[in-house]
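Each remark here refers to the structure printed beneath this line.
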Amino acid sequence: MVVIDMSNELSGRVAIVTGGASGIGAASAALLAEAGASVIVADLGEGSKDKAIGRFMPHDVASEDSWRTLLADVLKHEGRLDIVVNNAGISGGAGNPETTTVENWQQVQAVNSEGVFLGCKYAIQGMKHLGTGKAASKGSIVNISSVAGLIGSAGPTAYTASKGAVRLLTKSVALHCAEQKYDIRCNSVHPGGVDTAIFNPLWQAVGHEQGKAFIGSRHPIGRMAEPRDLGEVVLWLASDRSSFVTGAEFTADGGLTAGIGRALLGTN
Amino acid sequence: MARIDGKVVLISGGASGIGAATARLVVREGGKAVLADRDEAKGKALAAELGAAAHFVPLDVVQETSWQAAIAATKQRFNALHGLLNAAGIGVRNTIEDCTLEEYRRVNDINSLGTFLGCKTAIPAMKASGGGSIVNISSVLGLRGAAQAMAYCASKGAVRTLTKNVALHCAQMKYGIRCNSVHPGYIDTPMIAPRLAQNVGNMSGRQSLEAMHPIGRLGRAEEVAYMILFLLSDESTFSTGSEFVCDGGLTA
């Protein structure tokens with residue numbers, strides 16, 4: 001029987017969490033740090049710095065230069081890379097197939113799809129090249145997709161397409177790493193409604209409590225997720241507890257996609 | 001009565017492969033086929049062969065203005081739009097490590113943005129025609145991953161969920177417009193030429209692809225076209241937002 005030491009099980013591991021200053025990213029950063037990992041919180045703007053759990057690095061996921069800088073900095077300061085959580089994402093507003101503009105489409109793809117593509121590409125670079133005398137990385141890449149990557153009614157058009165791209169991109173990355181024998185796993189997470197800043201437009205329109213109750217009522221479980229609910233999924237996928245899991249989809253949506261029910265988020 | 005009597009169908013990528021095979025069936029079954037393609041010579045030749053029920057329009061799927069012009073030309077020629085087949089696409093081999101950002105964007109623009117723009121510009125014209133059916137070509141690689149087709153997988157995954165989003169929007173708005181995705185396996189068309197040229201072990205590219213399909217061979221474009229014809233026709237009026245697989249058992 002394999003016994004996993006659950007205290008400090010990630011000690012010595014280095015994790016990057018994009019969009020790590022708030023929401024699912026912040027909850028993931030906190031749980032990874034609690035498990036002993038050194039966490040780099042990569043997020044836009046210095047404004048997020050004070051709230052960061054871990055070492056803050058200003059980072060724009062849509063910029064390849066920013067990824068180069070981030071990876072070089074992490075390899076210089078932490079000396080290795082074991083976990084990348086590609087969490088940064090935007091909703092892009094409420095466009096439907098008729099109202100979505102090309103500009104909006106491209107802006108959303110740049111962050112949600114190209115950002116995750118770059119995140120995986122640079123994660124592999126960082127995890128592959130460790131200095132001599134260092135324990136080999138058992139890499140884990142965790143990509144935050146959405147229930148919108150599974151079903152069509154859960155989000156705006158550009159967002160829905162971008163999350164479908166992340167779902168399949170994840171499998172391609174997982175298979176490549178497996179074929180190359182890199183010991184790097186890659187999985188996607190599909191949250192339902194989570195109480196994060198991505199819903200700010202709704203909170204502003206109807207108020208936080210009322211909006212939360214409305215979206216919660218659309219989930220069979222009767223509530224929205226708290227960021228920590230998703231952080232736990234990320235932690236599990238990042239750790240060796242999930243060592244046989246790669247190319248897979250993890251839905252944490254309070255039953256939203258489990259069956260046939262009422263209209264879903266209704267934000268379309 | 002033919003299966004799609006009088007229906008006007010715009011086909012992106014209509015000059016070759018699955019698009020051309022569908023155009024032939026559409027015309028055979030009583031419909032009008034508008035072949036929209038970048039390849040003007042091939043598109044015009046096929047339109048001429050198919051006769052008065054076919055028409056060629058130039059189309060660059062990543063340009064919204066090009067879509068608008070193609071839809072306008074369709075309405076001018078045949079006075080309506082009932083069907084849209086988004087068949088234009090590119091197949092590119094790359095992995096997460098060797099794909100550049102530029103290439104990732106190019107593949108996603110053609111396959112995914114191009115399909116979105118087709119849906120967006122077709123919806124108003126279909127509404128005005130009393131409803132219609134949109135068919136988006138995704139792929140088995142929109143259902144399963146492949147290490148050597150990273151950007152392609154992402155783009156086809158996007159088409160898969162985009163299709164559902166379009167279907168639900170049109171249903172909610174009561175437009176009478178359906179939207180479904182088709183997921184072909186490896187079909188013997190010009191698109192798979194790069195893959196055919198790739199030997200795997202001691203097997204030729206073709207042999208290795210045939211071996212991947214439980215049915216033991218590659219698909220033919222007309223086999224996918226028959227599935228598309230069903231989705232374009234009124235035989236499938238209760239199907240929307242769904243995934244139709246045509247892959248010789250590949251994903252089974």
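Residue numbering restarts at 1 in every chain; chains get A, B, ... in the order shown in the structure tokens, and ligands count up from 1 in that same order.
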
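Residue list for chain B within 7 Å of chain A: Thr95, Ile96, Glu97, Lys120, Gly142, Arg144, Gly145, Ala146, Ala147, Met150, Cys153, Ala154, Ser155, Gly157, Ala158, Val159, Arg160, Thr161, Leu162, Lys164, Asn165, Val166 and Leu168 of chain B, counting only C-alpha atoms.
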
Would you put the residues from that selection into a file with C-alpha atoms, as a short mmCIF file (atom, residue, chain, number, x, y, z; two decimals), in the first residue's frame?
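selection10.cif written:
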data_model
loop_
_atom_site.label_atom_id
_atom_site.label_comp_id
_atom_site.auth_asym_id
_atom_site.auth_seq_id
_atom_site.Cartn_x
_atom_site.Cartn_y
_atom_site.Cartn_z
CA THR B 95 2.31 19.46 -30.60
CA ILE B 96 2.16 21.66 -27.52
CA GLU B 97 5.94 22.01 -27.69
CA LYS B 120 -23.46 34.84 -36.88
CA GLY B 142 -13.21 17.67 -30.98
CA ARG B 144 -10.81 13.03 -28.17
CA GLY B 145 -7.34 14.49 -27.96
CA ALA B 146 -4.39 13.73 -30.20
CA ALA B 147 -0.84 14.66 -29.26
CA MET B 150 -2.81 20.20 -30.56
CA CYS B 153 -7.96 19.73 -31.26
CA ALA B 154 -8.44 23.06 -29.50
CA SER B 155 -10.19 24.58 -32.52
CA GLY B 157 -13.30 21.54 -29.22
CA ALA B 158 -14.33 25.18 -29.61
CA VAL B 159 -16.60 24.31 -32.55
CA ARG B 160 -18.23 21.57 -30.48
CA THR B 161 -19.30 23.89 -27.65
CA LEU B 162 -19.94 26.89 -29.93
CA LYS B 164 -24.42 24.06 -28.57
CA ASN B 165 -24.34 27.74 -27.67
CA VAL B 166 -25.75 28.70 -31.09
CA LEU B 168 -29.63 27.05 -27.49
#

Leu32 of chain A environment, 9 Å, only C-alpha atoms, sequence neighbours closer than 6 positions dropped, as an MDAnalysis selection string: chainID A and resid 10 15 38:39 231 234:235 238:239

DSSP-assigned helix (DSSP H, G or I) members of segment 31-220 of chain B, reported as an MDAnalysis selection string: chainID B and resid 40:53 64:78 101:128 140:142 150:172 190:196 205:212

Contacts of His213 of chain B within 7 Å, only C-alpha atoms, excl. fewer than 4 positions in-chain, as number ranges by chain: B: 209, 217, 248-250

Deliver the residues from the most recent selection as a file, using N, CA and C atoms, as a PDB file, in the first residue's frame.
ATOM      1  N   LEU B 209      -3.583   5.005 -40.631  1.00  0.00           N
ATOM      2  CA  LEU B 209      -4.890   5.639 -40.424  1.00  0.00           C
ATOM      3  C   LEU B 209      -6.017   4.613 -40.562  1.00  0.00           C
ATOM      4  N   ARG B 217     -10.921   1.086 -42.674  1.00  0.00           N
ATOM      5  CA  ARG B 217     -10.629   1.905 -43.854  1.00  0.00           C
ATOM      6  C   ARG B 217     -10.885   3.367 -43.510  1.00  0.00           C
ATOM      7  N   GLY B 248     -16.316   5.491 -38.438  1.00  0.00           N
ATOM      8  CA  GLY B 248     -15.922   4.085 -38.589  1.00  0.00           C
ATOM      9  C   GLY B 248     -15.576   3.398 -37.282  1.00  0.00           C
ATOM     10  N   GLY B 249     -16.166   3.887 -36.195  1.00  0.00           N
ATOM     11  CA  GLY B 249     -15.951   3.261 -34.889  1.00  0.00           C
ATOM     12  C   GLY B 249     -14.756   3.787 -34.110  1.00  0.00           C
ATOM     13  N   LEU B 250     -14.080   4.799 -34.654  1.00  0.00           N
ATOM     14  CA  LEU B 250     -12.831   5.301 -34.042  1.00  0.00           C
ATOM     15  C   LEU B 250     -12.982   5.666 -32.559  1.00  0.00           C
TER      16      LEU B 250
END

Backbone-only DSSP, strand (DSSP E) members of segment 21-154 of chain A, as number ranges by chain: A: 38-43, 55-58, 83-86, 139-144

Export of prior selection with C-alpha atoms as a PDB file, in the first residue's frame:
ATOM      1  CA  SER A  38       6.183  27.293  -2.919  1.00  0.00           C
ATOM      2  CA  VAL A  39       3.533  29.248  -4.752  1.00  0.00           C
ATOM      3  CA  ILE A  40       4.048  31.948  -7.357  1.00  0.00           C
ATOM      4  CA  VAL A  41       0.930  34.048  -7.760  1.00  0.00           C
ATOM      5  CA  ALA A  42       0.952  35.279 -11.347  1.00  0.00           C
ATOM      6  CA  ASP A  43      -1.637  37.954 -11.910  1.00  0.00           C
ATOM      7  CA  ARG A  55       5.327  35.250  -4.234  1.00  0.00           C
ATOM      8  CA  PHE A  56       3.626  37.725  -6.536  1.00  0.00           C
ATOM      9  CA  MET A  57       4.693  38.098 -10.152  1.00  0.00           C
ATOM     10  CA  PRO A  58       2.945  40.533 -12.496  1.00  0.00           C
ATOM     11  CA  ILE A  83       2.722  22.557 -10.858  1.00  0.00           C
ATOM     12  CA  VAL A  84       1.036  25.063 -13.166  1.00  0.00           C
ATOM     13  CA  VAL A  85      -2.582  26.041 -12.620  1.00  0.00           C
ATOM     14  CA  ASN A  86      -3.879  27.812 -15.728  1.00  0.00           C
ATOM     15  CA  GLY A 139       4.649  17.673 -13.182  1.00  0.00           C
ATOM     16  CA  SER A 140       0.981  18.469 -13.049  1.00  0.00           C
ATOM     17  CA  ILE A 141      -0.785  21.015 -15.224  1.00  0.00           C
ATOM     18  CA  VAL A 142      -4.322  21.933 -14.206  1.00  0.00           C
ATOM     19  CA  ASN A 143      -6.389  23.882 -16.720  1.00  0.00           C
ATOM     20  CA  ILE A 144      -9.538  25.617 -15.550  1.00  0.00           C
TER      21      ILE A 144
END

Given only C-alpha atoms as the counted atoms, nearest of B:Ala125, B:Met227, B:Ala88, B:Cys179 to Val62 of chain B: B:Ala88

Nearest to Ala151 of chain B by atom-to-atom distance, counting only C-alpha atoms, from A:Ala33, A:Val116, A:Val17, A:Val233: A:Val116

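Put simply, atom CA of Glu243 of chain B is 10.5 Å away from atom CA of Pro184 of chain B.
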
Separation of atom CA of Tyr175 of chain B from atom CA of Ser133 of chain B, in Å and rounded to one decimal: 10.6 Å

Considering only C-alpha atoms, give me a table of residues in segment 126-215 of chain B that are at most 12 Å from segment 21-39 of chain B, with the closest atom pair and distance in Å for each, as a Markdown table.
| residue | atom | partner | partner_atom | distance |
| --- | --- | --- | --- | --- |
| B:Val135 | CA | B:Thr22 | CA | 11.3 |
| B:Ile137 | CA | B:Thr22 | CA | 11.9 |
| B:Ile187 | CA | B:Ala21 | CA | 11.7 |
| B:Asp188 | CA | B:Ala21 | CA | 11.6 |
| B:Thr189 | CA | B:Ala21 | CA | 10.2 |

Selection export as a short mmCIF file (atom, residue, chain, number, x, y, z; two decimals), in the first residue's frame, atoms kept: N, CA and C atoms:
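Contents of out_28.cif, freshly written:
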data_model
loop_
_atom_site.label_atom_id
_atom_site.label_comp_id
_atom_site.auth_asym_id
_atom_site.auth_seq_id
_atom_site.Cartn_x
_atom_site.Cartn_y
_atom_site.Cartn_z
N VAL B 135 -25.00 23.32 -39.88
CA VAL B 135 -24.19 22.14 -39.58
C VAL B 135 -22.73 22.57 -39.52
N ILE B 137 -18.82 21.45 -39.05
CA ILE B 137 -17.91 20.30 -39.05
C ILE B 137 -16.88 20.47 -37.94
N ILE B 187 -11.20 11.22 -43.12
CA ILE B 187 -11.92 11.09 -44.38
C ILE B 187 -10.93 11.32 -45.51
N ASP B 188 -11.06 10.53 -46.56
CA ASP B 188 -10.11 10.60 -47.67
C ASP B 188 -10.35 11.87 -48.49
N THR B 189 -9.83 12.99 -47.99
CA THR B 189 -9.98 14.30 -48.64
C THR B 189 -8.60 14.98 -48.66
#

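In terms of minimum interatomic distance to Leu196 of chain B, B:Arg93 ranks closest within B:Ile134, B:Met126, B:Arg93, B:Tyr226, counting only C-alpha atoms.
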
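Of the listed residues A:Asn200, A:Ser11, A:Ser22, A:Ser217, the one whose atoms come nearest to Gly93 of chain A is A:Asn200, with distances taken using only C-alpha atoms.
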
Contact residues around Ala252 of chain A with only C-alpha atoms at 12 Å, ignoring same-chain residues under 2 positions, as a PDB file with N, CA and C atoms, in the first residue's frame:
ATOM      1  N   ILE A 144      -8.161  25.341 -15.954  1.00  0.00           N
ATOM      2  CA  ILE A 144      -9.538  25.617 -15.550  1.00  0.00           C
ATOM      3  C   ILE A 144     -10.362  25.899 -16.804  1.00  0.00           C
ATOM      4  N   SER A 145     -11.208  24.934 -17.156  1.00  0.00           N
ATOM      5  CA  SER A 145     -12.184  25.142 -18.215  1.00  0.00           C
ATOM      6  C   SER A 145     -13.460  25.614 -17.522  1.00  0.00           C
ATOM      7  N   SER A 146     -14.583  25.040 -17.824  1.00  0.00           N
ATOM      8  CA  SER A 146     -15.862  25.492 -17.264  1.00  0.00           C
ATOM      9  C   SER A 146     -16.930  24.490 -17.649  1.00  0.00           C
ATOM     10  N   VAL A 147     -18.079  24.545 -16.995  1.00  0.00           N
ATOM     11  CA  VAL A 147     -19.206  23.777 -17.526  1.00  0.00           C
ATOM     12  C   VAL A 147     -19.536  24.258 -18.935  1.00  0.00           C
ATOM     13  N   LEU A 150     -18.476  22.137 -21.613  1.00  0.00           N
ATOM     14  CA  LEU A 150     -19.198  20.865 -21.734  1.00  0.00           C
ATOM     15  C   LEU A 150     -20.558  21.050 -22.379  1.00  0.00           C
ATOM     16  N   SER A 188      -8.309  18.874 -17.045  1.00  0.00           N
ATOM     17  CA  SER A 188      -9.158  20.075 -17.037  1.00  0.00           C
ATOM     18  C   SER A 188     -10.182  20.006 -15.909  1.00  0.00           C
ATOM     19  N   VAL A 189     -10.500  21.183 -15.381  1.00  0.00           N
ATOM     20  CA  VAL A 189     -11.503  21.310 -14.321  1.00  0.00           C
ATOM     21  C   VAL A 189     -12.673  22.128 -14.879  1.00  0.00           C
ATOM     22  N   HIS A 190     -13.880  21.658 -14.607  1.00  0.00           N
ATOM     23  CA  HIS A 190     -15.076  22.305 -15.162  1.00  0.00           C
ATOM     24  C   HIS A 190     -16.001  22.766 -14.038  1.00  0.00           C
ATOM     25  N   PRO A 191     -15.756  23.976 -13.545  1.00  0.00           N
ATOM     26  CA  PRO A 191     -16.609  24.478 -12.464  1.00  0.00           C
ATOM     27  C   PRO A 191     -17.964  24.936 -12.992  1.00  0.00           C
ATOM     28  N   GLY A 192     -18.964  24.824 -12.148  1.00  0.00           N
ATOM     29  CA  GLY A 192     -20.232  25.513 -12.398  1.00  0.00           C
ATOM     30  C   GLY A 192     -20.099  26.945 -11.893  1.00  0.00           C
ATOM     31  N   GLY A 193     -21.148  27.488 -11.346  1.00  0.00           N
ATOM     32  CA  GLY A 193     -21.109  28.861 -10.834  1.00  0.00           C
ATOM     33  C   GLY A 193     -20.289  28.953  -9.551  1.00  0.00           C
ATOM     34  N   VAL A 194     -19.247  29.773  -9.571  1.00  0.00           N
ATOM     35  CA  VAL A 194     -18.401  29.962  -8.394  1.00  0.00           C
ATOM     36  C   VAL A 194     -18.460  31.440  -8.027  1.00  0.00           C
ATOM     37  N   HIS A 219     -28.449  25.465  -9.536  1.00  0.00           N
ATOM     38  CA  HIS A 219     -27.631  24.265  -9.354  1.00  0.00           C
ATOM     39  C   HIS A 219     -28.416  23.266  -8.501  1.00  0.00           C
ATOM     40  N   ILE A 221     -27.586  21.286  -6.354  1.00  0.00           N
ATOM     41  CA  ILE A 221     -27.117  21.267  -4.967  1.00  0.00           C
ATOM     42  C   ILE A 221     -27.626  22.491  -4.191  1.00  0.00           C
ATOM     43  N   MET A 224     -24.214  28.218  -5.006  1.00  0.00           N
ATOM     44  CA  MET A 224     -23.001  28.403  -5.814  1.00  0.00           C
ATOM     45  C   MET A 224     -21.833  27.780  -5.073  1.00  0.00           C
ATOM     46  N   ALA A 225     -20.753  27.519  -5.826  1.00  0.00           N
ATOM     47  CA  ALA A 225     -19.525  27.058  -5.170  1.00  0.00           C
ATOM     48  C   ALA A 225     -18.799  28.243  -4.554  1.00  0.00           C
ATOM     49  N   GLU A 226     -18.087  27.979  -3.468  1.00  0.00           N
ATOM     50  CA  GLU A 226     -17.103  28.930  -2.968  1.00  0.00           C
ATOM     51  C   GLU A 226     -15.776  28.590  -3.657  1.00  0.00           C
ATOM     52  N   PRO A 227     -14.893  29.570  -3.821  1.00  0.00           N
ATOM     53  CA  PRO A 227     -13.620  29.275  -4.501  1.00  0.00           C
ATOM     54  C   PRO A 227     -12.888  28.064  -3.910  1.00  0.00           C
ATOM     55  N   ARG A 228     -12.991  27.889  -2.595  1.00  0.00           N
ATOM     56  CA  ARG A 228     -12.277  26.784  -1.963  1.00  0.00           C
ATOM     57  C   ARG A 228     -12.757  25.418  -2.472  1.00  0.00           C
ATOM     58  N   ASP A 229     -14.051  25.317  -2.809  1.00  0.00           N
ATOM     59  CA  ASP A 229     -14.562  24.052  -3.359  1.00  0.00           C
ATOM     60  C   ASP A 229     -13.746  23.643  -4.584  1.00  0.00           C
ATOM     61  N   LEU A 230     -13.399  24.622  -5.385  1.00  0.00           N
ATOM     62  CA  LEU A 230     -12.623  24.330  -6.598  1.00  0.00           C
ATOM     63  C   LEU A 230     -11.142  24.184  -6.289  1.00  0.00           C
ATOM     64  N   GLY A 231     -10.668  24.949  -5.299  1.00  0.00           N
ATOM     65  CA  GLY A 231      -9.271  24.832  -4.877  1.00  0.00           C
ATOM     66  C   GLY A 231      -8.937  23.407  -4.453  1.00  0.00           C
ATOM     67  N   GLU A 232      -9.890  22.755  -3.807  1.00  0.00           N
ATOM     68  CA  GLU A 232      -9.679  21.363  -3.371  1.00  0.00           C
ATOM     69  C   GLU A 232      -9.487  20.436  -4.572  1.00  0.00           C
ATOM     70  N   VAL A 233     -10.250  20.666  -5.629  1.00  0.00           N
ATOM     71  CA  VAL A 233     -10.110  19.851  -6.845  1.00  0.00           C
ATOM     72  C   VAL A 233      -8.728  20.090  -7.457  1.00  0.00           C
ATOM     73  N   VAL A 234      -8.340  21.359  -7.505  1.00  0.00           N
ATOM     74  CA  VAL A 234      -7.027  21.713  -8.061  1.00  0.00           C
ATOM     75  C   VAL A 234      -5.919  21.059  -7.246  1.00  0.00           C
ATOM     76  N   GLU A 249     -11.362  15.000 -17.441  1.00  0.00           N
ATOM     77  CA  GLU A 249     -12.214  16.169 -17.170  1.00  0.00           C
ATOM     78  C   GLU A 249     -12.807  16.047 -15.770  1.00  0.00           C
ATOM     79  N   PHE A 250     -12.631  17.063 -14.951  1.00  0.00           N
ATOM     80  CA  PHE A 250     -13.180  17.043 -13.602  1.00  0.00           C
ATOM     81  C   PHE A 250     -14.258  18.092 -13.452  1.00  0.00           C
ATOM     82  N   GLY A 254     -21.905  21.192  -8.686  1.00  0.00           N
ATOM     83  CA  GLY A 254     -23.119  21.051  -7.893  1.00  0.00           C
ATOM     84  C   GLY A 254     -24.246  20.355  -8.635  1.00  0.00           C
ATOM     85  N   GLY A 255     -23.883  19.507  -9.576  1.00  0.00           N
ATOM     86  CA  GLY A 255     -24.881  18.723 -10.300  1.00  0.00           C
ATOM     87  C   GLY A 255     -25.452  19.399 -11.534  1.00  0.00           C
ATOM     88  N   LEU A 256     -24.914  20.571 -11.859  1.00  0.00           N
ATOM     89  CA  LEU A 256     -25.467  21.371 -12.965  1.00  0.00           C
ATOM     90  C   LEU A 256     -25.581  20.594 -14.275  1.00  0.00           C
ATOM     91  N   THR A 257     -24.551  19.816 -14.609  1.00  0.00           N
ATOM     92  CA  THR A 257     -24.559  19.111 -15.898  1.00  0.00           C
ATOM     93  C   THR A 257     -24.932  17.636 -15.747  1.00  0.00           C
ATOM     94  N   ALA A 258     -25.380  17.250 -14.554  1.00  0.00           N
ATOM     95  CA  ALA A 258     -25.617  15.821 -14.307  1.00  0.00           C
ATOM     96  C   ALA A 258     -26.841  15.307 -15.037  1.00  0.00           C
TER      97      ALA A 258
END

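Separating atom CA of Ala53 of chain B from atom CA of Val8 of chain B is a distance of 9.1 Å.
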